[in-house]
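**Q** Structure supplied as target-v5.cif; contents: mmCIF, C-alpha atoms and all ligand atoms.
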```cif
data_start
loop_
_atom_site.group_PDB
_atom_site.id
_atom_site.type_symbol
_atom_site.label_atom_id
_atom_site.label_comp_id
_atom_site.auth_asym_id
_atom_site.auth_seq_id
_atom_site.Cartn_x
_atom_site.Cartn_y
_atom_site.Cartn_z
ATOM 1 C CA MET A 1 94.172 -28.270 54.521
ATOM 2 C CA GLU A 2 93.815 -30.327 57.688
ATOM 3 C CA PRO A 3 93.964 -34.040 56.983
ATOM 4 C CA VAL A 4 90.659 -35.876 57.492
ATOM 5 C CA VAL A 5 92.429 -38.395 59.698
ATOM 6 C CA LYS A 6 95.709 -37.976 61.468
ATOM 7 C CA CYS A 7 97.228 -40.318 63.984
ATOM 8 C CA GLN A 8 100.407 -39.979 65.955
ATOM 9 C CA ASP A 9 102.378 -42.688 67.719
ATOM 10 C CA LEU A 10 99.333 -44.867 68.106
ATOM 11 C CA TRP A 11 99.660 -47.894 70.378
ATOM 12 C CA LYS A 12 97.082 -50.496 71.251
ATOM 13 C CA ILE A 13 97.851 -53.268 73.678
ATOM 14 C CA TYR A 14 95.216 -55.919 74.316
ATOM 15 C CA HIS A 15 95.305 -57.807 77.577
ATOM 16 C CA SER A 16 94.128 -61.359 77.221
ATOM 17 C CA GLY A 17 94.563 -63.080 80.543
ATOM 18 C CA LYS A 18 98.127 -62.401 81.641
ATOM 19 C CA VAL A 19 99.364 -61.963 78.097
ATOM 20 C CA GLU A 20 99.843 -58.535 76.554
ATOM 21 C CA VAL A 21 99.209 -58.426 72.824
ATOM 22 C CA PRO A 22 100.618 -55.291 71.203
ATOM 23 C CA ALA A 23 98.353 -54.907 68.157
ATOM 24 C CA LEU A 24 99.469 -51.365 67.242
ATOM 25 C CA ARG A 25 103.036 -50.293 67.891
ATOM 26 C CA GLY A 26 103.460 -46.646 67.004
ATOM 27 C CA VAL A 27 101.304 -46.047 63.945
ATOM 28 C CA GLU A 28 101.686 -42.725 62.140
ATOM 29 C CA LEU A 29 99.149 -41.960 59.442
ATOM 30 C CA GLU A 30 97.606 -39.060 57.594
ATOM 31 C CA VAL A 31 94.702 -39.304 55.195
ATOM 32 C CA ARG A 32 93.820 -36.228 53.170
ATOM 33 C CA GLU A 33 90.435 -35.207 51.854
ATOM 34 C CA GLY A 34 89.509 -37.067 48.669
ATOM 35 C CA GLU A 35 92.108 -39.807 49.050
ATOM 36 C CA PHE A 36 91.464 -43.524 48.506
ATOM 37 C CA VAL A 37 93.989 -45.338 50.694
ATOM 38 C CA ALA A 38 94.423 -49.089 50.988
ATOM 39 C CA ILE A 39 96.133 -50.619 53.998
ATOM 40 C CA MET A 40 97.560 -54.048 53.281
ATOM 41 C CA GLY A 41 99.163 -56.568 55.521
ATOM 42 C CA PRO A 42 99.041 -60.175 56.703
ATOM 43 C CA SER A 43 96.417 -61.492 59.086
ATOM 44 C CA GLY A 44 97.059 -60.422 62.672
ATOM 45 C CA CYS A 45 99.241 -57.395 61.851
ATOM 46 C CA GLY A 46 96.719 -54.992 63.401
ATOM 47 C CA LYS A 47 94.699 -53.766 60.426
ATOM 48 C CA SER A 48 91.248 -54.136 61.978
ATOM 49 C CA THR A 49 92.456 -52.714 65.267
ATOM 50 C CA LEU A 50 93.801 -49.667 63.457
ATOM 51 C CA LEU A 51 90.493 -49.133 61.666
ATOM 52 C CA TYR A 52 88.494 -49.435 64.907
ATOM 53 C CA VAL A 53 90.788 -46.997 66.669
ATOM 54 C CA LEU A 54 90.597 -44.507 63.776
ATOM 55 C CA GLY A 55 86.818 -44.791 63.835
ATOM 56 C CA GLY A 56 86.541 -44.244 67.571
ATOM 57 C CA LEU A 57 85.153 -47.736 68.200
ATOM 58 C CA THR A 58 88.140 -48.764 70.343
ATOM 59 C CA PRO A 59 90.297 -46.456 72.447
ATOM 60 C CA PRO A 60 94.057 -46.575 71.839
ATOM 61 C CA SER A 61 96.395 -47.412 74.721
ATOM 62 C CA SER A 62 98.358 -44.283 73.870
ATOM 63 C CA GLY A 63 98.839 -41.816 71.051
ATOM 64 C CA ARG A 64 96.491 -39.399 69.332
ATOM 65 C CA VAL A 65 93.779 -39.714 66.698
ATOM 66 C CA LEU A 66 92.292 -36.651 65.049
ATOM 67 C CA VAL A 67 89.245 -36.966 62.810
ATOM 68 C CA ASP A 68 88.387 -33.813 60.899
ATOM 69 C CA GLY A 69 90.448 -31.895 63.460
ATOM 70 C CA ASN A 70 88.725 -33.445 66.492
ATOM 71 C CA ASP A 71 90.964 -35.202 68.985
ATOM 72 C CA LEU A 72 89.079 -38.401 69.840
ATOM 73 C CA GLY A 73 90.951 -38.743 73.127
ATOM 74 C CA GLU A 74 89.648 -35.399 74.359
ATOM 75 C CA MET A 75 85.983 -36.148 73.658
ATOM 76 C CA SER A 76 83.349 -37.700 75.890
ATOM 77 C CA ASP A 77 81.751 -40.993 74.840
ATOM 78 C CA GLY A 78 78.674 -39.073 73.721
ATOM 79 C CA GLU A 79 80.669 -36.618 71.639
ATOM 80 C CA ARG A 80 82.568 -39.477 70.026
ATOM 81 C CA THR A 81 79.340 -41.278 69.181
ATOM 82 C CA LEU A 82 77.972 -38.153 67.514
ATOM 83 C CA LEU A 83 81.181 -37.620 65.577
ATOM 84 C CA ARG A 84 81.043 -41.237 64.425
ATOM 85 C CA ARG A 85 77.474 -40.909 63.211
ATOM 86 C CA ARG A 86 78.032 -37.613 61.429
ATOM 87 C CA LYS A 87 81.488 -38.037 59.974
ATOM 88 C CA ILE A 88 82.407 -41.695 59.657
ATOM 89 C CA GLY A 89 80.926 -44.480 57.549
ATOM 90 C CA PHE A 90 81.862 -48.082 58.319
ATOM 91 C CA VAL A 91 81.833 -51.040 55.960
ATOM 92 C CA PHE A 92 82.555 -54.505 57.358
ATOM 93 C CA GLN A 93 83.436 -57.821 55.793
ATOM 94 C CA ARG A 94 80.194 -59.364 57.063
ATOM 95 C CA PHE A 95 77.887 -56.581 55.804
ATOM 96 C CA ASN A 96 76.112 -56.251 59.215
ATOM 97 C CA LEU A 97 72.717 -55.386 57.733
ATOM 98 C CA LEU A 98 69.539 -55.526 59.799
ATOM 99 C CA PRO A 99 67.794 -58.707 58.602
ATOM 100 C CA THR A 100 64.206 -57.551 59.155
ATOM 101 C CA LEU A 101 64.564 -54.327 57.165
ATOM 102 C CA SER A 102 64.515 -53.961 53.398
ATOM 103 C CA ALA A 103 67.498 -52.528 51.539
ATOM 104 C CA PHE A 104 65.667 -49.194 51.627
ATOM 105 C CA GLY A 105 65.253 -49.425 55.405
ATOM 106 C CA ASN A 106 68.846 -50.418 55.966
ATOM 107 C CA ILE A 107 70.108 -47.429 53.987
ATOM 108 C CA ALA A 108 67.553 -44.902 55.253
ATOM 109 C CA ILE A 109 68.116 -45.785 58.896
ATOM 110 C CA ALA A 110 71.652 -44.388 58.685
ATOM 111 C CA GLN A 111 70.267 -40.959 57.873
ATOM 112 C CA ASN A 112 67.731 -41.189 60.684
ATOM 113 C CA ILE A 113 70.356 -42.239 63.204
ATOM 114 C CA GLN A 114 72.609 -39.456 62.047
ATOM 115 C CA GLY A 115 69.934 -37.022 63.181
ATOM 116 C CA ASP A 116 69.762 -34.654 60.234
ATOM 117 C CA GLY A 117 66.640 -36.318 58.882
ATOM 118 C CA PHE A 118 66.107 -37.965 55.554
ATOM 119 C CA ASP A 119 67.778 -36.382 52.514
ATOM 120 C CA PRO A 120 65.975 -37.762 49.446
ATOM 121 C CA HIS A 121 68.483 -36.294 47.005
ATOM 122 C CA ARG A 122 71.504 -37.820 48.709
ATOM 123 C CA PHE A 123 69.596 -41.092 49.029
ATOM 124 C CA GLU A 124 68.829 -41.186 45.298
ATOM 125 C CA VAL A 125 72.376 -40.312 44.255
ATOM 126 C CA THR A 126 73.769 -43.021 46.525
ATOM 127 C CA VAL A 127 71.330 -45.704 45.422
ATOM 128 C CA ASP A 128 71.921 -44.856 41.745
ATOM 129 C CA LEU A 129 75.675 -44.935 42.100
ATOM 130 C CA LEU A 130 75.560 -48.337 43.760
ATOM 131 C CA GLY A 131 73.102 -49.769 41.233
ATOM 132 C CA LEU A 132 70.503 -50.610 43.873
ATOM 133 C CA LYS A 133 67.399 -48.942 42.451
ATOM 134 C CA GLU A 134 65.693 -52.212 41.552
ATOM 135 C CA ARG A 135 66.634 -53.971 44.790
ATOM 136 C CA LEU A 136 65.378 -51.505 47.389
ATOM 137 C CA HIS A 137 62.372 -53.511 48.512
ATOM 138 C CA HIS A 138 64.250 -56.735 49.107
ATOM 139 C CA LYS A 139 65.407 -57.970 52.490
ATOM 140 C CA PRO A 140 69.100 -58.877 52.918
ATOM 141 C CA SER A 141 68.266 -62.607 52.722
ATOM 142 C CA GLU A 142 66.824 -61.998 49.247
ATOM 143 C CA LEU A 143 69.977 -60.295 47.990
ATOM 144 C CA SER A 144 73.286 -61.733 46.764
ATOM 145 C CA GLY A 145 76.430 -61.158 48.814
ATOM 146 C CA GLY A 146 77.561 -58.477 46.396
ATOM 147 C CA GLU A 147 74.214 -56.712 46.611
ATOM 148 C CA GLN A 148 74.251 -56.889 50.405
ATOM 149 C CA GLN A 149 77.678 -55.303 50.491
ATOM 150 C CA ARG A 150 76.489 -52.581 48.100
ATOM 151 C CA VAL A 151 73.605 -51.878 50.498
ATOM 152 C CA ALA A 152 76.110 -51.705 53.354
ATOM 153 C CA ILE A 153 78.249 -49.270 51.359
ATOM 154 C CA ALA A 154 75.169 -47.181 50.547
ATOM 155 C CA ARG A 155 74.358 -47.082 54.266
ATOM 156 C CA ALA A 156 77.902 -45.907 54.969
ATOM 157 C CA VAL A 157 77.952 -43.101 52.382
ATOM 158 C CA VAL A 158 74.339 -41.894 52.426
ATOM 159 C CA THR A 159 75.120 -39.600 55.369
ATOM 160 C CA ASP A 160 77.864 -37.877 53.341
ATOM 161 C CA PRO A 161 80.588 -38.808 55.852
ATOM 162 C CA LYS A 162 84.018 -37.216 55.945
ATOM 163 C CA ILE A 163 85.557 -40.653 55.656
ATOM 164 C CA VAL A 164 84.540 -44.236 54.941
ATOM 165 C CA LEU A 165 86.460 -46.960 56.775
ATOM 166 C CA ALA A 166 86.132 -50.364 55.120
ATOM 167 C CA ASP A 167 87.478 -53.542 56.743
ATOM 168 C CA GLU A 168 88.054 -56.260 54.114
ATOM 169 C CA PRO A 169 84.908 -55.220 52.193
ATOM 170 C CA THR A 170 85.383 -57.971 49.619
ATOM 171 C CA GLY A 171 86.534 -60.630 52.072
ATOM 172 C CA ASN A 172 83.268 -62.564 51.818
ATOM 173 C CA LEU A 173 82.677 -62.128 48.085
ATOM 174 C CA ASP A 174 83.531 -64.127 44.987
ATOM 175 C CA SER A 175 85.807 -62.500 42.416
ATOM 176 C CA GLN A 176 82.988 -61.156 40.235
ATOM 177 C CA ASN A 177 81.173 -59.491 43.131
ATOM 178 C CA SER A 178 84.476 -58.268 44.548
ATOM 179 C CA GLU A 179 85.288 -56.526 41.314
ATOM 180 C CA ALA A 180 81.869 -54.859 41.195
ATOM 181 C CA VAL A 181 82.173 -53.641 44.783
ATOM 182 C CA LEU A 182 85.727 -52.349 44.272
ATOM 183 C CA LYS A 183 84.707 -50.517 41.109
ATOM 184 C CA MET A 184 81.902 -48.850 43.026
ATOM 185 C CA LEU A 185 84.226 -47.793 45.834
ATOM 186 C CA LYS A 186 86.539 -46.265 43.266
ATOM 187 C CA HIS A 187 83.579 -44.582 41.608
ATOM 188 C CA LEU A 188 82.443 -43.121 44.939
ATOM 189 C CA ASN A 189 85.931 -41.757 45.403
ATOM 190 C CA GLN A 190 86.169 -40.302 41.906
ATOM 191 C CA GLU A 191 82.604 -39.054 41.382
ATOM 192 C CA LEU A 192 81.693 -37.894 44.879
ATOM 193 C CA GLY A 193 85.209 -37.219 46.156
ATOM 194 C CA GLN A 194 84.526 -39.663 48.970
ATOM 195 C CA THR A 195 87.577 -40.145 51.202
ATOM 196 C CA LEU A 196 88.138 -43.867 51.785
ATOM 197 C CA VAL A 197 90.406 -46.085 53.824
ATOM 198 C CA MET A 198 90.146 -49.729 52.862
ATOM 199 C CA ILE A 199 91.814 -52.595 54.614
ATOM 200 C CA THR A 200 92.627 -55.696 52.655
ATOM 201 C CA HIS A 201 95.118 -58.513 52.433
ATOM 202 C CA ASN A 202 94.448 -58.854 48.715
ATOM 203 C CA PRO A 203 96.845 -56.987 46.369
ATOM 204 C CA GLU A 204 94.271 -56.973 43.561
ATOM 205 C CA ALA A 205 91.789 -55.174 45.808
ATOM 206 C CA ALA A 206 94.451 -52.748 47.035
ATOM 207 C CA ALA A 207 95.284 -51.844 43.444
ATOM 208 C CA TYR A 208 91.974 -49.963 43.193
ATOM 209 C CA ALA A 209 93.253 -47.411 45.697
ATOM 210 C CA GLU A 210 95.504 -44.502 44.757
ATOM 211 C CA ARG A 211 97.833 -45.032 47.712
ATOM 212 C CA ILE A 212 98.804 -48.358 49.243
ATOM 213 C CA LEU A 213 100.287 -48.573 52.722
ATOM 214 C CA HIS A 214 101.839 -51.734 54.079
ATOM 215 C CA MET A 215 101.418 -52.836 57.644
ATOM 216 C CA ARG A 216 103.533 -55.339 59.580
ATOM 217 C CA ASP A 217 103.545 -56.172 63.273
ATOM 218 C CA GLY A 218 101.463 -53.188 64.297
ATOM 219 C CA ARG A 219 103.326 -50.612 62.238
ATOM 220 C CA ILE A 220 102.881 -48.901 58.889
ATOM 221 C CA LEU A 221 106.033 -49.350 56.873
ATOM 222 C CA GLU A 222 105.638 -46.848 54.072
ATOM 223 C CA PRO A 223 105.835 -43.046 53.995
ATOM 224 C CA VAL A 224 103.485 -41.487 56.529
ATOM 225 C CA ALA A 225 102.466 -38.323 54.715
ATOM 226 C CA ALA A 226 100.165 -38.157 51.741
ATOM 227 C CA PRO A 227 101.864 -37.247 48.462
ATOM 228 C CA LEU A 228 101.652 -33.516 47.719
ATOM 229 C CA PRO A 229 98.864 -32.543 45.334
ATOM 230 C CA ASP A 230 99.871 -32.559 41.684
ATOM 231 C CA PRO A 231 100.521 -28.889 40.789
ATOM 232 C CA GLY A 232 99.396 -29.466 37.173
HETATM 233 N N1 LIG A 301 89.818 -58.052 71.414
HETATM 234 C C1 LIG A 301 91.052 -58.567 71.376
HETATM 235 N N2 LIG A 301 91.618 -59.079 72.482
HETATM 236 C C2 LIG A 301 92.892 -59.593 72.464
HETATM 237 N N3 LIG A 301 93.643 -59.622 71.352
HETATM 238 C C3 LIG A 301 93.143 -59.136 70.220
HETATM 239 C C4 LIG A 301 91.800 -58.585 70.169
HETATM 240 N N4 LIG A 301 91.564 -58.159 68.884
HETATM 241 C C5 LIG A 301 92.669 -58.453 68.188
HETATM 242 N N5 LIG A 301 93.622 -59.024 68.970
HETATM 243 C C6 LIG A 301 94.978 -59.427 68.563
HETATM 244 O O1 LIG A 301 95.630 -58.284 68.068
HETATM 245 C C7 LIG A 301 96.406 -58.597 66.912
HETATM 246 C C8 LIG A 301 95.908 -57.771 65.725
HETATM 247 O O2 LIG A 301 94.586 -58.182 65.378
HETATM 248 P P1 LIG A 301 93.737 -57.507 64.208
HETATM 249 O O3 LIG A 301 93.760 -56.040 64.397
HETATM 250 O O4 LIG A 301 92.414 -58.176 64.155
HETATM 251 O O5 LIG A 301 94.620 -57.871 62.921
HETATM 252 P P2 LIG A 301 94.203 -58.017 61.377
HETATM 253 O O6 LIG A 301 92.929 -57.281 61.156
HETATM 254 O O7 LIG A 301 95.372 -57.432 60.632
HETATM 255 O O8 LIG A 301 94.072 -59.475 61.112
HETATM 256 C C9 LIG A 301 96.278 -60.088 66.719
HETATM 257 O O9 LIG A 301 97.353 -60.711 67.375
HETATM 258 C C10 LIG A 301 94.971 -60.422 67.414
HETATM 259 O O10 LIG A 301 94.967 -61.751 67.873
HETATM 260 MG MG MG A 302 91.091 -57.880 60.394
#
```
Show me, as C-alpha cells, the structure contained in the file I just sent.

**A**
Amino acid sequence: MEPVVKCQDLWKIYHSGKVEVPALRGVELEVREGEFVAIMGPSGCGKSTLLYVLGGLTPPSSGRVLVDGNDLGEMSDGERTLLRRRKIGFVFQRFNLLPTLSAFGNIAIAQNIQGDGFDPHRFEVTVDLLGLKERLHHKPSELSGGEQQRVAIARAVVTDPKIVLADEPTGNLDSQNSEAVLKMLKHLNQELGQTLVMITHNPEAAAYAERILHMRDGRILEPVAAPLPDPG
C-alpha cells in the first residue's frame, strides 16, 4: 500500500537577513497507514519545520512530499489547502483553540471547515474517546490545559484525517495531563487506526509511539522505511 506520507531528499533553508539557516538537510521518511511514529531530537534540529513541510504549511526549498499519493509540490495553493483540511489534522503545543467558542464549537468547526458537513456519529465517537462529554459547553478558559489539548486533538481527528501531525503536544502540560493526553493518542491509534506523527524532545512521550525516529541537524538518523508488517 502507498505510504500515507512519503518524503524524499527534503531540504528547507530559511533566509534570515544574510544568513542561510538549513533547517532540513535531506530528510527521507515514510509513514504507513496505521502507524504511530515519534520524531525525537534536540531543540533546533528541524522537527517543527519538518512537520510544517509534511503538512503543507511551509514549502520545502527542494525535495518531494507526497501525502496520500498527492505530490504537494505539484498542487496549487487552493488544492493544498483542501488536501490539508480533508486529510491532515494538526495538534500544536499551544492548543490554538478559538477562545470565544465552546469546546463543542471548537471541535465542530473543523467539520464545517472541512466542507463535508457535520457528522454526528464521528463527533460522538471522538468526544467519547477523548473523555470530553461533560466539558463540551465550556470555553477554553474554563478548561484545564489537559482538557484544552484534548479538545484540540478532538478537533484534529473529528474529520477522520489520513494523518495527525502533532508538534510537542504535551510540551505545555504537567506530567499527569501529559500522560492522559499520550494515552489518548495511543488509544486513537489503536482503536481507530489513526495514523499519527508526533514530535517531541521527551523520551517518555516518544515511548508511547510504536516507532521512534531520531533527528539531528536537519536529518533523520534512523532507518527510513517502516518495518514490514508482522506476517503472523
Ligand atoms: N521562520 C524561520 N526563519 C528563520 N529560521 C528559522 C525559522 N523557523 C525555524 N528556523 C530555524 O531553523 C532551525 C530549525 O528550527 P525548528 O524546526 O523550529 O526546530 P525544532 O522544532 O526541532 O526546535 C533552527 O535553527 C531555527 O532557528
Ligand atoms: Mg519545534

**Q** Need to verify the contact set: segment 163-176 of chain A, 7 Å, all atoms listed in the file, exclusion of same-chain residues closer than 3 positions in sequence. Can you return it as an mmCIF file with C-alpha atoms, keeping the file's coordinate frame?

**A**
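New file out-v2.cif:
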```cif
data_model
loop_
_atom_site.group_PDB
_atom_site.id
_atom_site.type_symbol
_atom_site.label_atom_id
_atom_site.label_comp_id
_atom_site.auth_asym_id
_atom_site.auth_seq_id
_atom_site.Cartn_x
_atom_site.Cartn_y
_atom_site.Cartn_z
ATOM 1 C CA SER A 48 91.248 -54.136 61.978
ATOM 2 C CA LEU A 51 90.493 -49.133 61.666
ATOM 3 C CA LYS A 87 81.488 -38.037 59.974
ATOM 4 C CA ILE A 88 82.407 -41.695 59.657
ATOM 5 C CA GLY A 89 80.926 -44.480 57.549
ATOM 6 C CA PHE A 90 81.862 -48.082 58.319
ATOM 7 C CA VAL A 91 81.833 -51.040 55.960
ATOM 8 C CA PHE A 92 82.555 -54.505 57.358
ATOM 9 C CA GLN A 93 83.436 -57.821 55.793
ATOM 10 C CA ARG A 94 80.194 -59.364 57.063
ATOM 11 C CA GLY A 145 76.430 -61.158 48.814
ATOM 12 C CA GLY A 146 77.561 -58.477 46.396
ATOM 13 C CA ALA A 156 77.902 -45.907 54.969
ATOM 14 C CA GLU A 179 85.288 -56.526 41.314
ATOM 15 C CA ALA A 180 81.869 -54.859 41.195
ATOM 16 C CA GLN A 194 84.526 -39.663 48.970
ATOM 17 C CA THR A 195 87.577 -40.145 51.202
ATOM 18 C CA LEU A 196 88.138 -43.867 51.785
ATOM 19 C CA VAL A 197 90.406 -46.085 53.824
ATOM 20 C CA MET A 198 90.146 -49.729 52.862
ATOM 21 C CA ILE A 199 91.814 -52.595 54.614
ATOM 22 C CA THR A 200 92.627 -55.696 52.655
#
```

**Q** Enumerate as a list in words the residues within 8 Å of ligand LIG 301 (chain A), counting all atoms listed in the file.

**A**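 Listing the residues within 8 Å of ligand LIG 301 (chain A) gives Ile13, Tyr14, His15, Ser16, Val21, Pro22, Ala23, Leu24, Gly41, Pro42, Ser43, Gly44, Cys45, Gly46, Lys47, Ser48, Thr49, Leu50, Asp167 and Gly218 of chain A.
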
**Q** Rounded to one decimal place, report the atom CA of His137 of chain A-atom CA of Ser102 of chain A distance in Å.

**A**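 Rounded to one decimal, the two atoms are 5.4 Å apart.
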
**Q** Choose the residue, out of A:Lys133, A:Arg150, A:His201, A:His187, that has the smallest atom-to-atom separation from ligand MG 302 (chain A); count all atoms listed in the file.

**A**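 With all atoms listed in the file as the atom set, the closest residue is A:His201.
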
**Q** Hey, what comes out of the PyMOL selection byres (((chain A and resi 189) around 12) and not hetatm) on this file? Could you write it as a CSV table (one decimal) with C-alpha atoms, in the coordinates of the input?

**A**
```
chain,number,residue,atom,x,y,z
A,33,GLU,CA,90.4,-35.2,51.9
A,34,GLY,CA,89.5,-37.1,48.7
A,35,GLU,CA,92.1,-39.8,49.0
A,36,PHE,CA,91.5,-43.5,48.5
A,37,VAL,CA,94.0,-45.3,50.7
A,129,LEU,CA,75.7,-44.9,42.1
A,157,VAL,CA,78.0,-43.1,52.4
A,160,ASP,CA,77.9,-37.9,53.3
A,162,LYS,CA,84.0,-37.2,55.9
A,163,ILE,CA,85.6,-40.7,55.7
A,164,VAL,CA,84.5,-44.2,54.9
A,182,LEU,CA,85.7,-52.3,44.3
A,183,LYS,CA,84.7,-50.5,41.1
A,184,MET,CA,81.9,-48.8,43.0
A,185,LEU,CA,84.2,-47.8,45.8
A,186,LYS,CA,86.5,-46.3,43.3
A,187,HIS,CA,83.6,-44.6,41.6
A,188,LEU,CA,82.4,-43.1,44.9
A,190,GLN,CA,86.2,-40.3,41.9
A,191,GLU,CA,82.6,-39.1,41.4
A,192,LEU,CA,81.7,-37.9,44.9
A,193,GLY,CA,85.2,-37.2,46.2
A,194,GLN,CA,84.5,-39.7,49.0
A,195,THR,CA,87.6,-40.1,51.2
A,196,LEU,CA,88.1,-43.9,51.8
A,197,VAL,CA,90.4,-46.1,53.8
A,198,MET,CA,90.1,-49.7,52.9
A,208,TYR,CA,92.0,-50.0,43.2
A,209,ALA,CA,93.3,-47.4,45.7
A,210,GLU,CA,95.5,-44.5,44.8
```

**Q** Could you work out how far atom CA of Leu82 of chain A lies from atom CA of Val65 of chain A, giving the answer in Å with one decimal?

**A**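 One can read the atom CA of Val65 of chain A to atom CA of Leu82 of chain A distance as 15.9 Å.
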
**Q** When the PyMOL selection byres (((chain A and resi 25) around 10) and not hetatm) is applied to the file above, which residues end up in the set, as a ChimeraX atom specification?

**A** /A:9-13,22-24,26-28,46,61-63,216-220

**Q** Given the file shown, determine the residues that the PyMOL selection byres (((chain A and resi 54) around 8) and not hetatm) selects; report them as a PDB file with C-alpha atoms, in the frame of the given file.

**A**
```
ATOM      1  CA  VAL A   5      92.429 -38.395  59.698  1.00  0.00           C
ATOM      2  CA  CYS A   7      97.228 -40.318  63.984  1.00  0.00           C
ATOM      3  CA  LEU A  50      93.801 -49.667  63.457  1.00  0.00           C
ATOM      4  CA  LEU A  51      90.493 -49.133  61.666  1.00  0.00           C
ATOM      5  CA  TYR A  52      88.494 -49.435  64.907  1.00  0.00           C
ATOM      6  CA  VAL A  53      90.788 -46.997  66.669  1.00  0.00           C
ATOM      7  CA  GLY A  55      86.818 -44.791  63.835  1.00  0.00           C
ATOM      8  CA  GLY A  56      86.541 -44.244  67.571  1.00  0.00           C
ATOM      9  CA  LEU A  57      85.153 -47.736  68.200  1.00  0.00           C
ATOM     10  CA  VAL A  65      93.779 -39.714  66.698  1.00  0.00           C
ATOM     11  CA  VAL A  67      89.245 -36.966  62.810  1.00  0.00           C
TER      12      VAL A  67
END
```

**Q** Measure the distance from atom CA of Ala38 of chain A to atom CA of Asp128 of chain A in Å and round it to one decimal.

**A**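 Distance reported for this atom pair: 24.7 Å.
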
**Q** Could you give me, as a PyMOL selection string, the residues that sit within 9 Å of (72.9, -48.7, 51.9) in the file's coordinates, counting all atoms listed in the file?

**A** chain A and resi 97+103-110+123+126-127+130+132+148-158

**Q** Have a look at A:Glu30, A:Glu147, A:Met40, A:Thr100 and name the one nearest to Gly131 of chain A; count only C-alpha atoms.

**A** A:Glu147

**Q** Place a sphere of radius 9 Å on (73.3, -41.6, 62.4) in the file coordinates and name every protein, DNA or RNA residue with an atom inside or on its surface, counting all atoms listed in the file; give the answer as a short mmCIF file (atom, residue, chain, number, x, y, z; two decimals) with C-alpha atoms, keeping the file's coordinate frame.

**A**
```cif
data_model
loop_
_atom_site.label_atom_id
_atom_site.label_comp_id
_atom_site.auth_asym_id
_atom_site.auth_seq_id
_atom_site.Cartn_x
_atom_site.Cartn_y
_atom_site.Cartn_z
CA LEU A 82 77.97 -38.15 67.51
CA ARG A 84 81.04 -41.24 64.42
CA ARG A 85 77.47 -40.91 63.21
CA ARG A 86 78.03 -37.61 61.43
CA ILE A 109 68.12 -45.78 58.90
CA ALA A 110 71.65 -44.39 58.68
CA GLN A 111 70.27 -40.96 57.87
CA ASN A 112 67.73 -41.19 60.68
CA ILE A 113 70.36 -42.24 63.20
CA GLN A 114 72.61 -39.46 62.05
CA GLY A 115 69.93 -37.02 63.18
CA ASP A 116 69.76 -34.65 60.23
CA THR A 159 75.12 -39.60 55.37
#
```

**Q** Kindly indicate which residue among A:Ile39, A:Glu124, A:Pro161, A:Val4 lies nearest to ligand MG 302 (chain A), using only C-alpha atoms and all ligand atoms for the distances.

**A** A:Ile39

**Q** I need the residue nearest Asp68 of chain A from this list: A:Pro140, A:Gly17, A:Pro3, A:Pro99. Use all atoms listed in the file for the distance.

**A**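 Looking only at the distances to Asp68 of chain A, the closest residue turns out to be A:Pro3.
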